[in-house]
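For reference, my_file.csv is printed below; it contains CSV, C-alpha atoms.
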```csv
chain,number,residue,atom,x,y,z
G,83,MET,CA,-34.9,36.3,18.9
G,84,TYR,CA,-36.0,39.0,21.3
G,85,LEU,CA,-36.8,38.6,25.0
G,86,GLY,CA,-39.1,41.0,26.8
G,87,ILE,CA,-39.2,41.0,30.7
G,88,ASP,CA,-42.0,42.8,32.6
G,89,MET,CA,-41.1,44.8,35.7
G,90,HIS,CA,-44.0,45.0,38.3
G,91,GLY,CA,-44.9,41.5,39.6
G,92,THR,CA,-42.2,39.9,37.5
G,93,LEU,CA,-38.6,41.2,37.6
G,94,LEU,CA,-39.4,43.3,40.8
G,95,GLY,CA,-40.2,41.6,44.1
G,96,GLU,CA,-43.2,42.4,46.3
G,97,ASP,CA,-41.5,45.5,47.6
G,98,GLU,CA,-40.9,46.9,44.1
G,99,ARG,CA,-37.2,46.1,44.2
G,100,VAL,CA,-34.9,43.5,42.8
G,101,PRO,CA,-33.8,41.7,46.0
G,102,ALA,CA,-30.1,42.0,46.7
G,103,GLU,CA,-29.6,38.3,46.8
G,104,CYS,CA,-31.0,38.0,43.2
G,105,VAL,CA,-28.7,40.5,41.6
G,106,LYS,CA,-25.7,38.1,41.0
G,107,PRO,CA,-27.8,35.1,39.7
G,108,LEU,CA,-29.7,37.6,37.5
G,109,ILE,CA,-26.5,39.0,36.0
G,110,GLU,CA,-25.2,35.5,35.4
G,111,SER,CA,-28.4,34.4,33.7
G,112,LEU,CA,-28.7,37.5,31.5
G,113,ASP,CA,-25.1,37.4,30.5
G,114,ALA,CA,-25.5,33.7,29.4
G,115,LEU,CA,-28.3,34.7,27.1
G,116,ARG,CA,-27.0,38.0,25.6
G,117,SER,CA,-25.2,36.2,22.8
G,118,LYS,CA,-28.4,34.5,21.8
G,119,LEU,CA,-31.1,37.0,22.5
G,120,ARG,CA,-31.7,40.8,22.4
G,121,ILE,CA,-33.1,41.6,25.9
G,122,TYR,CA,-35.6,44.4,26.6
G,123,LEU,CA,-37.3,45.5,29.7
G,124,CYS,CA,-41.0,46.0,29.1
G,125,THR,CA,-43.0,48.1,31.5
G,126,GLY,CA,-45.9,50.4,31.9
G,127,ASN,CA,-43.6,52.9,33.7
G,128,ASP,CA,-41.3,55.6,32.5
G,129,LEU,CA,-37.5,55.9,32.2
G,130,GLY,CA,-37.1,57.6,35.5
G,131,PHE,CA,-38.9,54.8,37.4
G,132,VAL,CA,-36.8,52.2,35.7
G,133,ASN,CA,-33.6,54.0,36.7
G,134,ARG,CA,-34.8,54.4,40.3
G,135,LYS,CA,-35.9,50.8,40.8
G,136,ILE,CA,-33.3,48.6,39.2
G,137,GLN,CA,-29.7,48.4,40.0
G,138,PRO,CA,-27.3,49.9,37.3
G,139,GLU,CA,-25.4,46.7,37.0
G,140,LEU,CA,-28.6,44.9,35.9
G,141,LEU,CA,-29.7,47.7,33.5
G,142,GLU,CA,-26.4,47.3,31.7
G,143,ARG,CA,-27.6,43.8,30.6
G,144,PHE,CA,-30.6,45.2,28.7
G,145,ASP,CA,-30.5,46.3,25.1
G,146,GLY,CA,-33.2,48.8,25.6
G,147,TYR,CA,-36.7,49.4,27.2
G,148,VAL,CA,-40.3,49.3,26.0
G,149,LEU,CA,-42.0,51.9,28.2
G,150,GLU,CA,-45.6,53.0,28.9
G,151,THR,CA,-47.0,49.6,27.8
G,152,GLY,CA,-45.6,49.9,24.3
G,153,CYS,CA,-46.2,53.6,23.6
G,154,VAL,CA,-42.6,54.7,24.3
G,155,LEU,CA,-39.2,53.2,23.4
G,156,SER,CA,-35.9,54.0,25.1
G,157,ASP,CA,-32.3,53.4,24.2
G,158,LYS,CA,-31.7,53.7,28.0
G,159,LEU,CA,-30.8,57.3,27.7
G,160,SER,CA,-33.8,59.0,26.2
G,161,GLU,CA,-37.6,58.3,25.6
G,162,THR,CA,-39.1,58.3,22.1
G,163,VAL,CA,-42.9,58.4,21.9
G,164,ILE,CA,-44.1,56.2,19.0
G,165,VAL,CA,-47.8,57.1,19.0
G,166,PRO,CA,-49.1,60.0,16.8
G,167,GLU,CA,-49.2,63.5,18.3
G,168,GLU,CA,-52.9,63.7,17.9
G,169,THR,CA,-53.2,60.5,20.0
G,170,VAL,CA,-51.0,62.0,22.7
G,171,ARG,CA,-53.2,65.2,22.7
G,172,ARG,CA,-56.4,63.2,23.3
G,173,ILE,CA,-54.7,61.2,26.0
G,174,LYS,CA,-53.7,64.4,27.8
G,175,GLU,CA,-57.3,65.7,27.4
G,176,LEU,CA,-58.7,62.5,29.0
G,177,GLN,CA,-56.2,62.6,31.9
G,178,ALA,CA,-57.1,66.2,32.7
G,179,ARG,CA,-60.8,65.3,32.7
G,180,LEU,CA,-60.2,62.2,34.9
G,181,GLU,CA,-58.2,64.4,37.3
G,182,GLU,CA,-61.1,66.8,37.5
G,183,ARG,CA,-63.2,63.9,38.9
G,184,LYS,CA,-60.9,63.7,42.0
G,185,LEU,CA,-61.4,60.0,42.3
G,186,PRO,CA,-60.9,59.0,46.0
G,187,GLN,CA,-59.3,55.7,45.1
G,188,VAL,CA,-56.4,57.5,43.3
G,189,TYR,CA,-53.1,58.0,45.2
G,190,LYS,CA,-51.5,59.8,42.3
G,191,PHE,CA,-51.4,60.1,38.5
G,192,ALA,CA,-47.9,59.0,37.5
G,193,ARG,CA,-45.7,61.0,35.0
G,194,ARG,CA,-46.5,59.6,31.5
G,195,LEU,CA,-45.8,60.9,28.0
G,196,ALA,CA,-48.5,58.9,26.0
G,197,THR,CA,-50.6,56.9,28.5
G,198,ILE,CA,-52.3,57.4,31.9
G,199,SER,CA,-51.4,55.6,35.1
G,200,LEU,CA,-53.7,55.9,38.1
G,201,PHE,CA,-51.9,54.5,41.2
G,202,THR,CA,-54.4,53.3,43.8
G,203,ARG,CA,-54.3,54.1,47.5
G,204,TYR,CA,-52.8,51.6,49.8
G,205,GLY,CA,-55.1,48.6,50.5
G,206,LEU,CA,-57.2,49.1,47.4
G,207,SER,CA,-57.2,46.6,44.5
G,208,PRO,CA,-56.4,47.9,41.1
G,209,ALA,CA,-58.4,45.0,39.7
G,210,ASP,CA,-61.6,46.3,41.4
G,211,PHE,CA,-60.8,50.0,40.6
G,212,ARG,CA,-60.4,49.2,36.8
G,213,GLU,CA,-64.2,49.0,36.5
G,214,VAL,CA,-64.6,52.5,38.0
G,215,VAL,CA,-62.0,53.9,35.6
G,216,GLN,CA,-63.7,52.2,32.7
G,217,GLU,CA,-67.0,53.7,33.6
G,218,ARG,CA,-65.5,57.2,33.7
G,219,VAL,CA,-63.8,56.7,30.4
G,220,ASN,CA,-67.1,55.6,28.9
G,221,GLU,CA,-69.0,58.6,30.3
G,222,LEU,CA,-66.3,60.9,28.9
G,223,GLY,CA,-66.7,59.5,25.4
G,224,PHE,CA,-63.3,57.8,25.1
G,225,ALA,CA,-64.4,54.2,25.2
G,226,ASP,CA,-63.4,53.5,21.5
G,227,PHE,CA,-60.1,55.4,21.8
G,228,VAL,CA,-58.4,53.6,24.8
G,229,HIS,CA,-58.4,50.3,26.6
G,230,VAL,CA,-58.2,50.2,30.4
G,231,VAL,CA,-56.0,47.6,32.0
G,232,TYR,CA,-54.5,47.0,35.5
G,233,SER,CA,-51.3,45.8,37.1
G,234,SER,CA,-50.6,45.0,40.8
G,235,VAL,CA,-50.2,48.7,41.6
G,236,ALA,CA,-52.1,50.8,39.1
G,237,VAL,CA,-54.8,51.1,36.5
G,238,ASP,CA,-53.4,52.0,33.1
G,239,VAL,CA,-55.2,53.7,30.2
G,240,ILE,CA,-53.6,52.9,26.9
G,241,PRO,CA,-54.4,54.1,23.4
G,242,ARG,CA,-56.0,51.4,21.4
G,243,GLY,CA,-53.6,49.5,19.1
G,244,TYR,CA,-50.7,49.7,21.5
G,245,ASP,CA,-49.4,47.3,24.0
G,246,LYS,CA,-46.0,45.8,25.2
G,247,HIS,CA,-46.0,43.4,22.2
G,248,THR,CA,-46.5,46.2,19.6
G,249,GLY,CA,-43.6,48.1,21.4
G,250,ILE,CA,-41.1,45.3,21.3
G,251,LYS,CA,-42.3,44.3,17.8
G,252,ARG,CA,-41.2,47.8,16.6
G,253,VAL,CA,-37.6,46.8,17.3
G,254,ALA,CA,-37.8,43.0,16.8
G,255,GLY,CA,-39.3,43.2,13.3
G,256,GLU,CA,-39.7,39.6,12.0
G,257,ASP,CA,-37.7,38.0,14.8
G,258,GLU,CA,-39.4,35.8,17.3
G,259,ILE,CA,-40.4,37.2,20.7
G,260,VAL,CA,-40.3,35.6,24.1
G,261,ALA,CA,-42.4,37.2,26.9
G,262,ILE,CA,-42.0,36.9,30.6
G,263,ALA,CA,-44.8,38.7,32.4
G,264,ASP,CA,-47.5,38.3,35.0
G,265,SER,CA,-50.6,40.5,34.9
G,266,MET,CA,-53.6,41.6,33.0
G,267,ASN,CA,-51.8,44.7,31.6
G,268,ASP,CA,-49.5,42.2,30.0
G,269,LEU,CA,-52.2,40.1,28.4
G,270,HIS,CA,-51.8,41.3,24.8
G,271,PHE,CA,-48.0,40.8,25.2
G,272,LEU,CA,-48.5,37.3,26.6
G,273,ARG,CA,-51.1,36.2,24.0
G,274,ARG,CA,-49.2,37.5,21.0
G,275,ALA,CA,-45.6,36.6,21.8
G,276,ASP,CA,-44.2,33.6,20.1
G,277,TYR,CA,-43.2,32.0,23.5
G,278,THR,CA,-44.8,32.9,26.8
G,279,PHE,CA,-43.6,32.5,30.4
G,280,LEU,CA,-45.1,33.4,33.8
G,281,PRO,CA,-43.8,33.6,37.3
G,282,ALA,CA,-45.6,31.6,40.0
G,283,ASN,CA,-47.4,34.8,41.2
G,284,ALA,CA,-49.0,35.5,37.8
G,285,SER,CA,-52.6,36.7,37.7
G,286,ALA,CA,-55.1,33.9,37.8
G,287,GLU,CA,-57.3,35.7,35.3
G,288,ALA,CA,-54.4,36.0,32.8
G,289,ARG,CA,-53.7,32.3,33.2
G,290,ARG,CA,-57.3,31.4,32.6
G,291,ILE,CA,-57.6,33.5,29.5
G,292,LEU,CA,-54.4,32.2,28.0
G,293,ALA,CA,-55.5,28.6,28.6
G,294,GLU,CA,-59.0,29.3,27.1
G,295,GLU,CA,-57.3,30.7,24.0
G,296,GLY,CA,-55.2,27.6,23.5
G,297,ARG,CA,-52.0,28.5,25.3
G,298,GLU,CA,-52.0,25.7,27.8
G,299,VAL,CA,-50.4,26.7,31.2
G,300,ARG,CA,-48.0,24.1,32.5
G,301,PRO,CA,-45.2,24.1,35.1
G,302,LEU,CA,-41.9,25.1,33.7
G,303,HIS,CA,-40.2,21.9,35.0
G,304,GLU,CA,-42.6,19.9,32.7
G,305,ALA,CA,-41.6,21.8,29.6
G,306,THR,CA,-38.7,20.3,27.6
G,307,ARG,CA,-38.5,22.8,24.7
G,308,LEU,CA,-39.9,26.1,23.4
G,309,GLN,CA,-43.5,25.5,22.2
G,310,LYS,CA,-45.8,28.2,20.8
G,311,HIS,CA,-49.0,26.7,22.2
G,312,LEU,CA,-47.6,26.4,25.7
G,313,THR,CA,-47.4,28.9,28.5
G,314,ALA,CA,-44.7,27.7,31.0
G,315,GLN,CA,-45.0,28.9,34.6
G,316,SER,CA,-42.1,28.9,37.0
G,317,ASP,CA,-42.3,27.3,40.5
G,318,ARG,CA,-41.1,30.4,42.2
G,319,PRO,CA,-42.7,33.9,42.2
G,320,TYR,CA,-41.3,37.3,41.2
G,321,THR,CA,-37.6,37.7,40.7
G,322,TRP,CA,-36.6,34.2,41.6
G,323,GLY,CA,-39.2,33.0,39.1
G,324,VAL,CA,-37.6,35.1,36.4
G,325,ILE,CA,-34.2,33.6,37.2
G,326,GLU,CA,-35.7,30.1,37.0
G,327,ILE,CA,-37.1,30.9,33.5
G,328,LEU,CA,-33.8,32.5,32.3
G,329,VAL,CA,-31.9,29.4,33.4
G,330,TRP,CA,-34.4,27.2,31.5
G,331,LEU,CA,-34.0,29.4,28.4
G,332,ARG,CA,-30.2,29.4,28.6
G,333,GLU,CA,-30.2,25.6,28.2
G,334,ARG,CA,-32.7,25.5,25.3
G,335,VAL,CA,-32.3,28.6,23.1
```
Once you've parsed the file, please lay out its structure as C-alpha cells.
Amino acid sequence: MYLGIDMHGTLLGEDERVPAECVKPLIESLDALRSKLRIYLCTGNDLGFVNRKIQPELLERFDGYVLETGCVLSDKLSETVIVPEETVRRIKELQARLEERKLPQVYKFARRLATISLFTRYGLSPADFREVVQERVNELGFADFVHVVYSSVAVDVIPRGYDKHTGIKRVAGEDEIVAIADSMNDLHFLRRADYTFLPANASAEARRILAEEGREVRPLHEATRLQKHLTAQSDRPYTWGVIEILVWLRERV
C-alpha cells in the first residue's frame, strides 16, 4: 500500500511551514507506518521547494516525491520528468505566451520542468484567478491540451492526463493508494485514490464534488475502518490534521 501526502494546505501550516511543535509527533506517526506503507510526498512544487520548506528529519521518512502535480518523480536527490518531450515543449510555449500577457494578478511564475504555476499576488484568491487563466489558455488555443487547477497559493496549468494520482500510480503499480490532500488541484488524486482523507481546512468545493460522486465525507472519528466509498475528514486543520489521520491509519492498516 502507498500513502501520498499533499504539501500546501495539508502537511504545511498556514505559514507554509511544518510547525516546530508538529515535527516530533509527525516523525513518530510516520515511523510507525513505514513498515506498513510506502510514503510519498505529493505536491505541485519542485524539489528545491520541498527541500526549503520541510525539515530534513521529516524528509528522511519519505520514500520519494511526486512533484509538479504528477508530471515529475523524485528519488529525493534528482527530478525525472515523466511526460513526453513534445508535451514539455508545448507547455514551455504556453508559459512564454502567458508571460507575454503580463497578467497583473501574477506575483511570479515558479520554476517548473513540465507544468506552469502562476503564484498570485498577496490578497488575491487563486480560486477566482483560475477563471482568468482558463480564459487566456482558451484564447491561445491550448484548452484541449491542459487543465487549469488551483491551490491555496497558485493557479497550476497541467498537461491533460497527468495528476498526483497518475504520478504515484507510476511507482505504486497495482498496490492500493491512500491520499491525504485538501484542495481542488488534488481533486483527481482524491477521487481516484483507493482511500481518501482530508484535513479540516479542506476546500468546500472539493468536499462537495467528492460527496456528489459517491465518496461520502464524514468526520474521521466516526470512521472505524478503511472504506473506499468514504472520505474521512480530520477534526483539526493542516499539519495537526495530518497527524490525526496518520495516528488513525497506524491503528487500522
**Item:** Exercise: range 103-107 of chain G partners within 9 Å, all atoms listed in the file, chain neighbours under 2 positions left out, as a VMD selection string
**Value:** chain G and resid 100 to 101 109 to 112 137 139 to 140 321 to 322 325
**Selection: 9 Å around Arg194 in chain G, all atoms listed in the file, excl. self and same-chain fewer than 6 positions, as a list in words** =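 Non-adjacent residues within range: Asn127, Asp128 and Glu150 of chain G.
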**G:Ala209, G:Leu312, G:Val214, G:Cys124 ranked by distance to Glu287 in chain G, top pick (using all atoms listed in the file)** =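 Distance minimum relative to Glu287 in chain G lands on G:Ala209.
Atom pair CA of Val165 in chain G / CA of Cys153 in chain G has a distance of 6.0 Å (rounded to one decimal).
Note that CA of Met83 in chain G and CA of Arg143 in chain G are 15.7 Å apart.
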**Request:** Determine, counting all atoms listed in the file, which protein, DNA and RNA residues have an atom within 12 Å of an atom of Glu256 in chain G; residues of the same chain fewer than 4 positions away are not included. Present the result as a list in words.
**Result:**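 Here the qualifying residues turn out to be Met83, Tyr84, Ile250, Lys251, Arg252, Ala275 and Asp276 of chain G.
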**Prompt:** Do you have the CA of Thr306 in chain G-CA of Glu326 in chain G distance handy?
**Reply:** 13.9 Å
**Message:** Quick one: residues within 10 Å of Arg274 in chain G, only C-alpha atoms, excluding same-chain residues fewer than 4 positions away - as JSON, numbers by chain?
**Reply:** {"G": [246, 247, 248, 259, 260, 261, 269, 270, 278, 310]}
**Asked** Which one of G:Leu308, G:Leu149, G:Val253, G:Leu180 sits closest to Arg120 in chain G if you count all atoms listed in the file?
**Response**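 Residue with the minimum atom-to-atom distance to Arg120 in chain G: G:Val253.
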**Asked** Which one of G:Val154, G:Leu94, G:Met89, G:Val239 sits closest to Gln177 in chain G if you count all atoms listed in the file?
**Response**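 That would be G:Val239, the residue with the smallest distance to Gln177 in chain G.
Around the coordinate (-43.1, 21.1, 34.0), residues that reach within 10 Å when counting all atoms listed in the file are Val299, Arg300, Pro301, Leu302, His303, Glu304, Ala305, Thr306, Ala314, Gln315, Ser316 and Asp317 of chain G.
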Will you give me range 296-332 of chain G, written with C-alpha atoms and laid out as a PDB file, in the first residue's frame?
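Final output, saved to selection-v3.pdb:
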```pdb
ATOM      1  CA  GLY G 296     -20.411   8.927  -4.010  1.00  0.00           C
ATOM      2  CA  ARG G 297     -17.423   9.401  -1.698  1.00  0.00           C
ATOM      3  CA  GLU G 298     -19.341  10.451   1.374  1.00  0.00           C
ATOM      4  CA  VAL G 299     -17.484  12.918   3.598  1.00  0.00           C
ATOM      5  CA  ARG G 300     -17.622  12.024   7.286  1.00  0.00           C
ATOM      6  CA  PRO G 301     -15.621  13.019  10.391  1.00  0.00           C
ATOM      7  CA  LEU G 302     -12.559  10.872  10.955  1.00  0.00           C
ATOM      8  CA  HIS G 303     -13.649   9.972  14.482  1.00  0.00           C
ATOM      9  CA  GLU G 304     -16.771   8.327  13.051  1.00  0.00           C
ATOM     10  CA  ALA G 305     -14.792   6.075  10.697  1.00  0.00           C
ATOM     11  CA  THR G 306     -13.923   2.654  12.115  1.00  0.00           C
ATOM     12  CA  ARG G 307     -12.055   1.150   9.157  1.00  0.00           C
ATOM     13  CA  LEU G 308     -10.764   1.890   5.662  1.00  0.00           C
ATOM     14  CA  GLN G 309     -13.662   2.202   3.223  1.00  0.00           C
ATOM     15  CA  LYS G 310     -13.419   3.021  -0.472  1.00  0.00           C
ATOM     16  CA  HIS G 311     -16.718   4.897  -0.636  1.00  0.00           C
ATOM     17  CA  LEU G 312     -15.846   7.088   2.360  1.00  0.00           C
ATOM     18  CA  THR G 313     -13.865  10.333   2.593  1.00  0.00           C
ATOM     19  CA  ALA G 314     -12.755  10.795   6.205  1.00  0.00           C
ATOM     20  CA  GLN G 315     -12.009  14.323   7.440  1.00  0.00           C
ATOM     21  CA  SER G 316      -9.900  15.116  10.486  1.00  0.00           C
ATOM     22  CA  ASP G 317     -11.130  17.398  13.250  1.00  0.00           C
ATOM     23  CA  ARG G 318      -8.029  19.598  13.043  1.00  0.00           C
ATOM     24  CA  PRO G 319      -6.625  21.565  10.078  1.00  0.00           C
ATOM     25  CA  TYR G 320      -3.290  21.455   8.282  1.00  0.00           C
ATOM     26  CA  THR G 321      -0.370  19.634   9.937  1.00  0.00           C
ATOM     27  CA  TRP G 322      -2.213  18.612  13.087  1.00  0.00           C
ATOM     28  CA  GLY G 323      -4.948  17.172  10.903  1.00  0.00           C
ATOM     29  CA  VAL G 324      -2.376  15.070   9.045  1.00  0.00           C
ATOM     30  CA  ILE G 325      -1.028  13.775  12.357  1.00  0.00           C
ATOM     31  CA  GLU G 326      -4.558  12.864  13.411  1.00  0.00           C
ATOM     32  CA  ILE G 327      -5.049  10.897  10.174  1.00  0.00           C
ATOM     33  CA  LEU G 328      -1.668   9.160  10.483  1.00  0.00           C
ATOM     34  CA  VAL G 329      -2.493   8.032  14.027  1.00  0.00           C
ATOM     35  CA  TRP G 330      -5.831   6.701  12.771  1.00  0.00           C
ATOM     36  CA  LEU G 331      -4.074   4.807   9.953  1.00  0.00           C
ATOM     37  CA  ARG G 332      -1.449   3.409  12.309  1.00  0.00           C
TER      38      ARG G 332
END
```
